[in-house]
Amino acid sequence: MASLAGAGLQFHTIAHHTSVSEDARAAVLANPGFGTHFTDHMVTIEWTDGRGWHNAVIGPRQPIALDPAAAVLHYAQEIFEGLKAYKQTDASIALFRPEANAARFNQSAQRLAMPELPEAVFVEAVEKLVQIDRAWIPDGEGASLYLRPFMIATEAFLGVRPAKQYKFIVIASPAGYYFKSGAPAVSIWVSDYTRAAPGGTGAAKCGGNYAASLVPQAEAIARGHDQVVFLDAAEHKWIEELGGMNLYFVFDDGTLLTPSLTGTILPGITRDSLLTLAREEGLKVEESRYSLDQWRADAGSGKLVETFACGTAAVVTPIGKVTGRDGEFTIGSGGSGQLTQKLKAKLVAIQRGDAQDKHGWIRKIS
């Protein structure tokens, strides 16, 4: 048993007697896809009003028993995170900026009236799962172990108030590339729907935000596009983000622009990392509003030369074509631009241990 720093907990391990066979695991790792296969174990920690965090367990991945009146099923008290473990050049395993995920997790918890989890506990829980399931980390370009920490309200009641019981869980999934099209750049659809409004939960990583994006995302797919982009709720004019990724715009003078965080956009950790790397390159970086009309005009004039999306799952993904009710336009050559490729290469090199980590972003796991 190992203590969970900051919470006075003991981490109990329950033996798994029915783990996936080596042959079955090898077949999965040969073509993991994204989010469709899962490792043998999971972490659970419980919280109860008056007692706090307790009963920290790493054990077999299995179904969760919930009362039909559990608050998460009725009032959507649920938050989550996404981060990855990577194989390093020296054969070790490392996490990328897990402390940032822990901090954002607690920001989401505050917005959803849920208990905060000590950041050290969050990080250690993730590390423990990676250690016990490290055999599930695939090899190859674009491969990683995707980690999904989440918290749900488990108290059984139907009154509208914050729950008094919660469960924190971490599961893991071997992952390859997020987009399957194989195209050099993705195509996006400009949605008429709104993802988030001022004063809402846009800056929190909660399931409700993603549930609201499913219809517009399905609409985009039905029209032959890979992703959907949302405009602001107030004027339906300003670019915000994709269904699960932040956006960057590259101009012919080398300027890099990303929509400013207004409370309706998720503060992406990949977004923040790229801001740092771009400034290190000496690029002029702006965080400001950028309209759909300006995007179309700049692409048409050649002033805008690249656009890319970024996030934990997809890392850095070039955008080649944008389509909406008013027609479509192509960005640059319609493929991946030089700066997009350069920034992605710099980020991935740090994540993989191929480049010096000047910022303390990499956390090695023994």
# chains A, B, ... in the order shown; residues from 1 in each chain; ligands from 1
call {"tool": "residues_around", "arguments": {"residues": "Arg111 of chain A", "least_positions_apart": "5", "cutoff": "9 Å", "atoms": "only C-alpha atoms", "output": "list in words"}}
result
Asn106, Thr201, Ala203 and Ala204 of chain A
call {"tool": "residues_around", "arguments": {"residues": "segment 44-57 of chain A", "least_positions_apart": "5", "cutoff": "10 Å", "atoms": "only C-alpha atoms", "output": "number ranges by chain"}}
result
A: 1, 3-4, 7-14, 114-118, 121, 125, 149-155, 163-171
call {"tool": "closest_residue", "arguments": {"among": "A:Pro60, A:Gly207, A:Gly140, A:Gly324", "to": "Lys87 of chain A", "atoms": "only C-alpha atoms"}}
result
A:Gly140
call {"tool": "closest_residue", "arguments": {"among": "A:Ile64, A:Ala278, A:Ala100, A:Leu73", "to": "Trp361 of chain A", "atoms": "only C-alpha atoms"}}
result
A:Ala100
call {"tool": "residues_around", "arguments": {"residues": "Val190 of chain A", "least_positions_apart": "6", "cutoff": "8 Å", "atoms": "only C-alpha atoms", "output": "ChimeraX atom specification"}}
result
/A:228-231,322-325
call {"tool": "closest_residue", "arguments": {"among": "A:Gln294, A:Gln62, A:Thr255, A:Thr18", "to": "Phe329 of chain A", "atoms": "only C-alpha atoms"}}
result
A:Gln294
call {"tool": "residues_around", "arguments": {"residues": "Gly243 of chain A", "least_positions_apart": "3", "cutoff": "9 Å", "atoms": "only C-alpha atoms", "output": "ChimeraX atom specification"}}
result
/A:195,210,213-214,216-217,227-230,246
call {"tool": "select_by_dssp", "arguments": {"residues": "segment 120-354 of chain A", "states": "strand (DSSP E or B)", "output": "mmCIF file with C-alpha atoms, in the first residue's frame"}}
result
data_model
loop_
_atom_site.group_PDB
_atom_site.id
_atom_site.type_symbol
_atom_site.label_atom_id
_atom_site.label_comp_id
_atom_site.auth_asym_id
_atom_site.auth_seq_id
_atom_site.Cartn_x
_atom_site.Cartn_y
_atom_site.Cartn_z
ATOM 1 C CA SER A 144 -0.015 6.464 -26.476
ATOM 2 C CA LEU A 145 -2.052 5.361 -23.490
ATOM 3 C CA TYR A 146 -5.023 7.692 -23.190
ATOM 4 C CA LEU A 147 -6.101 8.282 -19.581
ATOM 5 C CA ARG A 148 -9.603 9.310 -18.583
ATOM 6 C CA PRO A 149 -10.005 10.520 -14.968
ATOM 7 C CA PHE A 150 -13.598 11.461 -14.150
ATOM 8 C CA MET A 151 -15.917 12.137 -11.223
ATOM 9 C CA ILE A 152 -19.623 11.418 -10.893
ATOM 10 C CA ALA A 153 -22.271 12.198 -8.280
ATOM 11 C CA ALA A 156 -29.430 8.604 -4.595
ATOM 12 C CA GLN A 165 -21.565 11.440 -2.399
ATOM 13 C CA TYR A 166 -19.151 11.163 -5.335
ATOM 14 C CA LYS A 167 -16.846 8.671 -6.989
ATOM 15 C CA PHE A 168 -13.556 9.544 -8.714
ATOM 16 C CA ILE A 169 -12.484 6.993 -11.314
ATOM 17 C CA VAL A 170 -9.567 6.620 -13.735
ATOM 18 C CA ILE A 171 -9.683 4.304 -16.741
ATOM 19 C CA ALA A 172 -7.185 3.910 -19.592
ATOM 20 C CA SER A 173 -7.333 3.123 -23.297
ATOM 21 C CA PRO A 174 -4.526 2.365 -25.761
ATOM 22 C CA ALA A 175 -4.719 4.981 -28.496
ATOM 23 C CA VAL A 186 -9.464 17.846 -41.929
ATOM 24 C CA SER A 187 -12.625 19.529 -43.133
ATOM 25 C CA ILE A 188 -14.969 21.336 -40.739
ATOM 26 C CA TRP A 189 -18.592 22.468 -40.748
ATOM 27 C CA VAL A 190 -19.689 25.806 -39.261
ATOM 28 C CA CYS A 206 -18.112 18.381 -18.164
ATOM 29 C CA GLN A 227 -15.468 18.172 -37.222
ATOM 30 C CA VAL A 228 -17.744 21.070 -36.314
ATOM 31 C CA VAL A 229 -16.744 24.609 -35.337
ATOM 32 C CA PHE A 230 -18.867 26.710 -32.983
ATOM 33 C CA LEU A 231 -19.451 30.458 -32.988
ATOM 34 C CA TRP A 238 -16.860 35.021 -33.353
ATOM 35 C CA ILE A 239 -14.923 31.765 -33.699
ATOM 36 C CA GLU A 240 -14.745 29.813 -30.443
ATOM 37 C CA GLU A 241 -13.610 26.185 -30.755
ATOM 38 C CA LEU A 242 -14.320 22.837 -32.367
ATOM 39 C CA ASN A 246 -9.016 24.676 -29.599
ATOM 40 C CA LEU A 247 -8.131 26.592 -32.769
ATOM 41 C CA TYR A 248 -5.069 28.460 -34.055
ATOM 42 C CA PHE A 249 -4.731 30.748 -37.093
ATOM 43 C CA VAL A 250 -1.420 31.442 -38.872
ATOM 44 C CA PHE A 251 -0.938 34.575 -41.007
ATOM 45 C CA LEU A 256 -0.188 33.218 -34.659
ATOM 46 C CA LEU A 257 -3.678 33.901 -33.277
ATOM 47 C CA THR A 258 -5.924 31.839 -31.014
ATOM 48 C CA VAL A 285 1.297 35.455 -30.669
ATOM 49 C CA GLU A 286 -2.136 36.979 -30.112
ATOM 50 C CA GLU A 287 -5.072 35.861 -28.008
ATOM 51 C CA SER A 291 -14.753 36.397 -36.723
ATOM 52 C CA LEU A 304 -4.334 33.551 -43.636
ATOM 53 C CA VAL A 305 -2.030 30.706 -44.614
ATOM 54 C CA GLU A 306 -2.769 27.985 -42.052
ATOM 55 C CA THR A 307 -5.376 26.936 -39.497
ATOM 56 C CA PHE A 308 -5.003 24.063 -37.083
ATOM 57 C CA ALA A 309 -6.856 22.494 -34.183
ATOM 58 C CA CYS A 310 -5.204 21.166 -31.054
ATOM 59 C CA GLY A 311 -6.101 19.006 -28.092
ATOM 60 C CA VAL A 315 -2.583 16.676 -30.674
ATOM 61 C CA VAL A 316 -2.176 19.123 -33.610
ATOM 62 C CA THR A 317 -4.429 18.701 -36.648
ATOM 63 C CA PRO A 318 -4.346 20.921 -39.779
ATOM 64 C CA ILE A 319 -7.634 22.256 -41.152
ATOM 65 C CA GLY A 320 -7.897 22.489 -44.932
ATOM 66 C CA LYS A 321 -11.493 23.385 -45.718
ATOM 67 C CA VAL A 322 -14.325 25.201 -43.950
ATOM 68 C CA THR A 323 -17.958 24.935 -45.026
ATOM 69 C CA GLY A 324 -21.098 26.690 -43.761
ATOM 70 C CA GLY A 327 -20.513 28.396 -48.853
ATOM 71 C CA GLU A 328 -17.027 27.072 -48.346
ATOM 72 C CA PHE A 329 -13.438 28.237 -48.441
ATOM 73 C CA THR A 330 -10.020 26.596 -48.513
#
call {"tool": "select_by_dssp", "arguments": {"residues": "segment 28-121 of chain A", "states": "alpha helix (DSSP H)", "output": "ChimeraX atom specification"}}
result
/A:28-30,71-75,98-111,119-121
call {"tool": "atom_distance", "arguments": {"atom1": "atom CA of Leu83 of chain A", "atom2": "atom CA of Pro98 of chain A"}}
result
7.1 Å
call {"tool": "closest_residue", "arguments": {"among": "A:Leu339, A:Val20, A:Ala85, A:Ile137", "to": "Gly254 of chain A", "atoms": "only C-alpha atoms"}}
result
A:Leu339
call {"tool": "decode", "arguments": {"residues": "segment 106-130 of chain A", "atoms": "N, CA, C and O atoms", "output": "JSON list (two decimals), in the first residue's frame"}}
result
[["chain", "number", "residue", "atom", "x", "y", "z"],
["A", 106, "ASN", "N", -10.04, 20.45, -10.96],
["A", 106, "ASN", "CA", -10.62, 21.12, -9.79],
["A", 106, "ASN", "C", -11.37, 22.38, -10.17],
["A", 106, "ASN", "O", -12.35, 22.76, -9.51],
["A", 107, "GLN", "N", -10.95, 23.05, -11.23],
["A", 107, "GLN", "CA", -11.70, 24.20, -11.72],
["A", 107, "GLN", "C", -13.07, 23.76, -12.22],
["A", 107, "GLN", "O", -14.08, 24.43, -11.97],
["A", 108, "SER", "N", -13.10, 22.63, -12.91],
["A", 108, "SER", "CA", -14.38, 22.07, -13.35],
["A", 108, "SER", "C", -15.23, 21.66, -12.16],
["A", 108, "SER", "O", -16.45, 21.88, -12.14],
["A", 109, "ALA", "N", -14.60, 21.08, -11.14],
["A", 109, "ALA", "CA", -15.33, 20.65, -9.94],
["A", 109, "ALA", "C", -15.99, 21.85, -9.26],
["A", 109, "ALA", "O", -17.16, 21.77, -8.83],
["A", 110, "GLN", "N", -15.28, 22.95, -9.18],
["A", 110, "GLN", "CA", -15.85, 24.16, -8.57],
["A", 110, "GLN", "C", -17.10, 24.61, -9.32],
["A", 110, "GLN", "O", -18.12, 24.94, -8.72],
["A", 111, "ARG", "N", -17.03, 24.59, -10.65],
["A", 111, "ARG", "CA", -18.16, 25.07, -11.46],
["A", 111, "ARG", "C", -19.37, 24.16, -11.36],
["A", 111, "ARG", "O", -20.51, 24.59, -11.46],
["A", 112, "LEU", "N", -19.13, 22.85, -11.15],
["A", 112, "LEU", "CA", -20.23, 21.88, -11.07],
["A", 112, "LEU", "C", -20.63, 21.56, -9.64],
["A", 112, "LEU", "O", -21.37, 20.60, -9.40],
["A", 113, "ALA", "N", -20.15, 22.37, -8.66],
["A", 113, "ALA", "CA", -20.50, 22.19, -7.24],
["A", 113, "ALA", "C", -20.11, 20.82, -6.73],
["A", 113, "ALA", "O", -20.85, 20.17, -6.00],
["A", 114, "MET", "N", -18.91, 20.37, -7.12],
["A", 114, "MET", "CA", -18.40, 19.06, -6.73],
["A", 114, "MET", "C", -17.16, 19.24, -5.86],
["A", 114, "MET", "O", -16.51, 20.28, -5.90],
["A", 115, "PRO", "N", -16.80, 18.24, -5.06],
["A", 115, "PRO", "CA", -15.63, 18.39, -4.19],
["A", 115, "PRO", "C", -14.33, 18.39, -5.00],
["A", 115, "PRO", "O", -14.20, 17.65, -5.98],
["A", 116, "GLU", "N", -13.38, 19.19, -4.58],
["A", 116, "GLU", "CA", -12.08, 19.20, -5.22],
["A", 116, "GLU", "C", -11.26, 18.00, -4.74],
["A", 116, "GLU", "O", -11.35, 17.60, -3.57],
["A", 117, "LEU", "N", -10.48, 17.45, -5.64],
["A", 117, "LEU", "CA", -9.58, 16.35, -5.32],
["A", 117, "LEU", "C", -8.16, 16.92, -5.21],
["A", 117, "LEU", "O", -7.71, 17.61, -6.13],
["A", 118, "PRO", "N", -7.46, 16.66, -4.09],
["A", 118, "PRO", "CA", -6.09, 17.17, -4.00],
["A", 118, "PRO", "C", -5.30, 16.82, -5.25],
["A", 118, "PRO", "O", -5.33, 15.68, -5.73],
["A", 119, "GLU", "N", -4.58, 17.80, -5.79],
["A", 119, "GLU", "CA", -3.87, 17.59, -7.05],
["A", 119, "GLU", "C", -2.87, 16.44, -6.96],
["A", 119, "GLU", "O", -2.69, 15.68, -7.92],
["A", 120, "ALA", "N", -2.21, 16.30, -5.82],
["A", 120, "ALA", "CA", -1.25, 15.20, -5.65],
["A", 120, "ALA", "C", -1.94, 13.84, -5.74],
["A", 120, "ALA", "O", -1.37, 12.87, -6.23],
["A", 121, "VAL", "N", -3.18, 13.77, -5.27],
["A", 121, "VAL", "CA", -3.95, 12.53, -5.34],
["A", 121, "VAL", "C", -4.31, 12.21, -6.79],
["A", 121, "VAL", "O", -4.19, 11.08, -7.25],
["A", 122, "PHE", "N", -4.76, 13.23, -7.52],
["A", 122, "PHE", "CA", -5.08, 13.07, -8.93],
["A", 122, "PHE", "C", -3.89, 12.49, -9.68],
["A", 122, "PHE", "O", -4.00, 11.49, -10.40],
["A", 123, "VAL", "N", -2.72, 13.12, -9.51],
["A", 123, "VAL", "CA", -1.53, 12.69, -10.24],
["A", 123, "VAL", "C", -1.10, 11.29, -9.84],
["A", 123, "VAL", "O", -0.78, 10.44, -10.69],
["A", 124, "GLU", "N", -1.12, 10.99, -8.54],
["A", 124, "GLU", "CA", -0.70, 9.67, -8.10],
["A", 124, "GLU", "C", -1.66, 8.59, -8.58],
["A", 124, "GLU", "O", -1.23, 7.49, -8.95],
["A", 125, "ALA", "N", -2.94, 8.89, -8.59],
["A", 125, "ALA", "CA", -3.91, 7.91, -9.08],
["A", 125, "ALA", "C", -3.65, 7.56, -10.54],
["A", 125, "ALA", "O", -3.69, 6.39, -10.93],
["A", 126, "VAL", "N", -3.37, 8.58, -11.34],
["A", 126, "VAL", "CA", -3.05, 8.35, -12.75],
["A", 126, "VAL", "C", -1.76, 7.54, -12.89],
["A", 126, "VAL", "O", -1.69, 6.59, -13.67],
["A", 127, "GLU", "N", -0.75, 7.90, -12.11],
["A", 127, "GLU", "CA", 0.52, 7.18, -12.17],
["A", 127, "GLU", "C", 0.35, 5.71, -11.80],
["A", 127, "GLU", "O", 0.94, 4.82, -12.44],
["A", 128, "LYS", "N", -0.43, 5.44, -10.76],
["A", 128, "LYS", "CA", -0.63, 4.06, -10.33],
["A", 128, "LYS", "C", -1.27, 3.22, -11.43],
["A", 128, "LYS", "O", -0.90, 2.05, -11.64],
["A", 129, "LEU", "N", -2.23, 3.80, -12.14],
["A", 129, "LEU", "CA", -2.88, 3.05, -13.20],
["A", 129, "LEU", "C", -1.92, 2.79, -14.35],
["A", 129, "LEU", "O", -1.89, 1.68, -14.91],
["A", 130, "VAL", "N", -1.12, 3.78, -14.70],
["A", 130, "VAL", "CA", -0.14, 3.59, -15.77],
["A", 130, "VAL", "C", 0.88, 2.52, -15.39],
["A", 130, "VAL", "O", 1.24, 1.66, -16.21]]
